[in-house]
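Each remark here refers to the structure printed beneath this line.
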Amino acid sequence: MSGAEIVLEVSGVSRTYTDDKGNVVEALRDVSLSVQKGEFVSIIGSSGCGKTTLLRLIGGLDKPEAGALTLGGREILDADPSRGYVVQQGALFPWLTVYDNIAFGLRARGVYKENKALIPRYIGLIGLEGFERAFPHQISGGMAQRVAIARALINSPEVLLLDEPMGALDSFTRADIQDKLLELRRERGATMILVTHDADEAIYLSDRIVIMTPRPGKISEIMEIKIPRPRHRGGAEFLGIRRQILEKLHLASAQPQPEYTI
Amino acid sequence: MNERKNISNTRLALAAVLTAGGFAAAAAVNLLVPQAADVQINSYTVGSVTLDINGAYRLVLLALILLYLIGAAAAFFKTERRAKFAAKAPFRAVLGCALGAWDVLGTKYLLLPQPFFPGPARIIEAFLAEGGYIGKNTLYSLRLFAAGFILGVLLGVGTGILIGWFPKVYYWVYPILKITGVIPAVAWMPFALTLFPTPFSAAAFLIVICAWFPVASLTAQGVSSVPRTQFEVARTLGANTACLVFHVAVPHAMPQIFTGITTANAFAFTTLVMAEMMGQPGGLGYYINASKVWSAYYKVFAAIIVMAAVFSLIMKVMSLIEGRVLRWRKGLVKR
Ligand SMILES: Nc1ncnc2c1ncn2[C@@H]1O[C@H](COP(=O)(O)OP(=O)(O)O)[C@@H](O)[C@H]1O
Ligand SMILES: [Mg+2]
């Protein structure tokens, strides 16, 4: 991967929140990360370690208090279609059909007419032919997440941000969507950043895994996964890495917690 | 898709006979029971046909019978309608019998307090005597209703969006909305009549106000309750502010907007009739008032029947539109 073009640069980013009781939470402290074009990066860590905060900053949905984020050398100032964003649930517009949900971005950007031939192609890519006219409540959770992914990808984002998109799905549906993501990545050469708390998922999909620890939220380690694809979840190398990650996560949460509340 | 109990052909036929039987009985009563009390049975010429009011009444009963038989025939071919038709048969049969009883008490023997409770044939007489005039007043009411209601809903949705979207507008306008909401719109009548050039525009204004309130407050509620992630996802898909308002917030608020419209509809009927009774040159409310002055209560009843029919039709149309617009909602979908 050396020499590859860097798309996304997160440098020295910090973000704190004040909760309802007036306690200051350091959601992120001095986080730095570079992502290369076409790379699949997973962010793993226990709940509350700042994964969503980091993804929202990259998405331009929130602003850092310190540090900077750049996409292709330009500072990220606001949300825009160059970074697609897929969240866990409720992400589809319930009043739009599958077709219209996928078309939303094209229409919002005013490029629907010239690009509408893309829509059937994406519906094909996610395997939802015949469901174009269905409303979100008429399809399964797994199908809905595939629609959400297609809806983001049709804008050809430079980076696709996925915040636990499979968190609410059963394991068969998860595996199905994981393969779909890899297929879409191969096909589209898309760069993807996935937040997950499932080590298997991270190892199966990623080129690199970012391990985060909470209070303050920071990156404790970045692991490069060099297992050749297609990967087998039962392979010795796979299981070895899995053990390493779990130990690190366990270690991270077993460490004595310093007091950060003021 | 609950499994409905199937209605056999025999049961459907029985239901049809029961339904038609009630009205046929009413017609038989009208034909066979002698006219005991001293009631003038007038005759009217409509086109080339001359009918007395009893004849017209029986014609109406015949029309009802034919209508329900057509309904039965439709149910014969559409399985899902069978149960509904069969379930309504007893009610309709009793309705027919009640008409017969009313005819005996109200026309044949004149046992009901007069002139307040005329028989069914006399009410039909109102349509024979001045059907055109009733039609004209109905049109006046419809025009007034349409003008006030459509404008009120549009204004309500507009202000609702502003209130729901801009906290500043909420701060300044919402209290005003809440206050006007509790005041019955007709209370403004004296002002409306002086401020507006014509009685029509004054009454339309009152209907606008009464429709505006529920639509605006429910639209505001819907617009301000959009989950944050929906806006965020829309922004990452390239939505600008106008797109967020009209393609995320408004569709999200649609169920509430329709709740507001349904409430506004009921308010508007009330305001319409009251405004018409308080000084309009036409309309069903005006017609009721004018007839009352002459103690022509059979005309009052005729106007009430027209109102029931017209208002139910409007409500039906509204609910059809609502079902179509909100077909994306769970539970509202029939498959
Ligand atoms: N809007 C917010 N207001 C207050 N606290 C927040 C807010 N967003 C996140 N936090 C806090 O910041 C920390 C990191 O949150 P988050 O990024 O959502 O973690 P993760 O996604 O890893 O579970 C948590 O302790 C959370 O309570
Ligand atoms: Mg999270």
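Every chain in the structure tokens takes a letter, A first, then B, and so on in the order presented; its residues are numbered from 1, and the ligands are numbered from 1 following the presented order.
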
Query - Test item: residues no farther than 7 Å from ligand 1, counting only C-alpha atoms and all ligand atoms, as a ChimeraX atom specification - result: /A:17-19,25-27,45-54,217

Query raised in the report: Any idea what's packed within 10 Å of Ala296 of chain B, counting only C-alpha atoms, ignoring anything in its chain fewer than 3 positions away? Could you give it as a ChimeraX atom specification?
Result: /B:115-116,118,123,126,288-293,299-301

Requested in this report: Give the strand (DSSP E) residues of segment 42-110 of chain B, as assigned by DSSP on the backbone, as a ChimeraX atom specification.
Outcome: /B:43-46,49-52

Dump as a PDB file, in the first residue's frame, selection limited to N, CA and C atoms:
```pdb
ATOM      1  N   SER B  43     -99.069  17.980  -5.166  1.00  0.00           N
ATOM      2  CA  SER B  43     -98.461  17.369  -6.344  1.00  0.00           C
ATOM      3  C   SER B  43     -97.558  18.384  -7.022  1.00  0.00           C
ATOM      4  N   TYR B  44     -96.480  17.876  -7.624  1.00  0.00           N
ATOM      5  CA  TYR B  44     -95.541  18.755  -8.304  1.00  0.00           C
ATOM      6  C   TYR B  44     -95.233  18.179  -9.676  1.00  0.00           C
ATOM      7  N   THR B  45     -94.946  19.056 -10.606  1.00  0.00           N
ATOM      8  CA  THR B  45     -94.574  18.605 -11.940  1.00  0.00           C
ATOM      9  C   THR B  45     -93.074  18.816 -12.133  1.00  0.00           C
ATOM     10  N   VAL B  46     -92.383  17.714 -12.333  1.00  0.00           N
ATOM     11  CA  VAL B  46     -90.942  17.801 -12.575  1.00  0.00           C
ATOM     12  C   VAL B  46     -90.718  17.320 -14.008  1.00  0.00           C
ATOM     13  N   VAL B  49     -93.258  14.802 -15.708  1.00  0.00           N
ATOM     14  CA  VAL B  49     -93.913  13.900 -14.767  1.00  0.00           C
ATOM     15  C   VAL B  49     -94.565  14.701 -13.654  1.00  0.00           C
ATOM     16  N   THR B  50     -95.785  14.335 -13.333  1.00  0.00           N
ATOM     17  CA  THR B  50     -96.440  14.943 -12.185  1.00  0.00           C
ATOM     18  C   THR B  50     -96.529  13.903 -11.076  1.00  0.00           C
ATOM     19  N   LEU B  51     -96.069  14.303  -9.888  1.00  0.00           N
ATOM     20  CA  LEU B  51     -95.970  13.371  -8.769  1.00  0.00           C
ATOM     21  C   LEU B  51     -96.549  14.023  -7.544  1.00  0.00           C
ATOM     22  N   ASP B  52     -97.254  13.213  -6.701  1.00  0.00           N
ATOM     23  CA  ASP B  52     -97.553  13.769  -5.390  1.00  0.00           C
ATOM     24  C   ASP B  52     -96.392  13.401  -4.466  1.00  0.00           C
TER      25      ASP B  52
END
```

Query raised in the report: Given a cut-off of 6 Å, which residues of chain B touch chain A, counting only C-alpha atoms, written out as number ranges by chain?
Result: B: 235-239, 328

Report task. Report the residues of segment 37-247 of chain A whose backbone DSSP state falls under helix (DSSP H, G or I), written as number ranges by chain. Result -> A: 51-59, 98-108, 112-115, 118-125, 136-138, 141-153, 171-188, 199-205, 236-247

Query raised in the report: Quick one: residues within 7 Å of Val210 of chain A, only C-alpha atoms counted, chain neighbours fewer than 6 positions away excluded, as a list in words?
Result: Ser42, Ile43, Ile44, Ile219, Glu221, Ile222 and Met223 of chain A

Write the residues of the selection above to a file with C-alpha atoms, as a PDB file, in the first residue's frame.
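Everything below was put into selection38.pdb:
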```
ATOM      1  CA  SER A  42     -12.410  -0.424  10.604  1.00  0.00           C
ATOM      2  CA  ILE A  43     -12.648   1.402  13.892  1.00  0.00           C
ATOM      3  CA  ILE A  44     -13.235  -0.869  16.847  1.00  0.00           C
ATOM      4  CA  ILE A 219      -6.478   5.634  19.199  1.00  0.00           C
ATOM      5  CA  GLU A 221      -3.240   1.017  18.123  1.00  0.00           C
ATOM      6  CA  ILE A 222      -3.601   0.561  14.383  1.00  0.00           C
ATOM      7  CA  MET A 223      -3.219  -3.006  13.084  1.00  0.00           C
TER       8      MET A 223
END
```

Report task. With a distance cut-off of 12 Å and only C-alpha atoms, select the neighbouring residues of Phe311 of chain B, excluding the residue or stretch itself and same-chain residues fewer than 2 positions from it, and output the selection as a ChimeraX atom specification. Result -> /B:138,141-142,145-146,265-270,272-273,284,303-309,313-318

Report summary line: Judged by only C-alpha atoms and all ligand atoms, the minimum distance to ligand 2 among A:Leu118, A:Leu128, A:Leu194, A:Val24 is found for A:Leu194

Query - From A:Pro216, A:Pro165, A:Gly234, A:Pro228, residue lying nearest ligand 2 [only C-alpha atoms and all ligand atoms] - result: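 Closest candidate: A:Pro165.
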
Query - Residues within 12 Å of Arg174 of chain A, only C-alpha atoms, excluding chain neighbours under 3 positions, as a PyMOL selection string - result: chain A and resi 141-143+145-146+164-171+177-181+196+198+200-201+204-205

Query raised in the report: Which neighbours of Ser206 of chain A fall inside 8 Å, counting only C-alpha atoms, when residues of the same chain fewer than 2 positions from it are skipped, and could you give them as a VMD selection string?
Result: chain A and resid 39 to 42 202 to 204 208 to 209 225
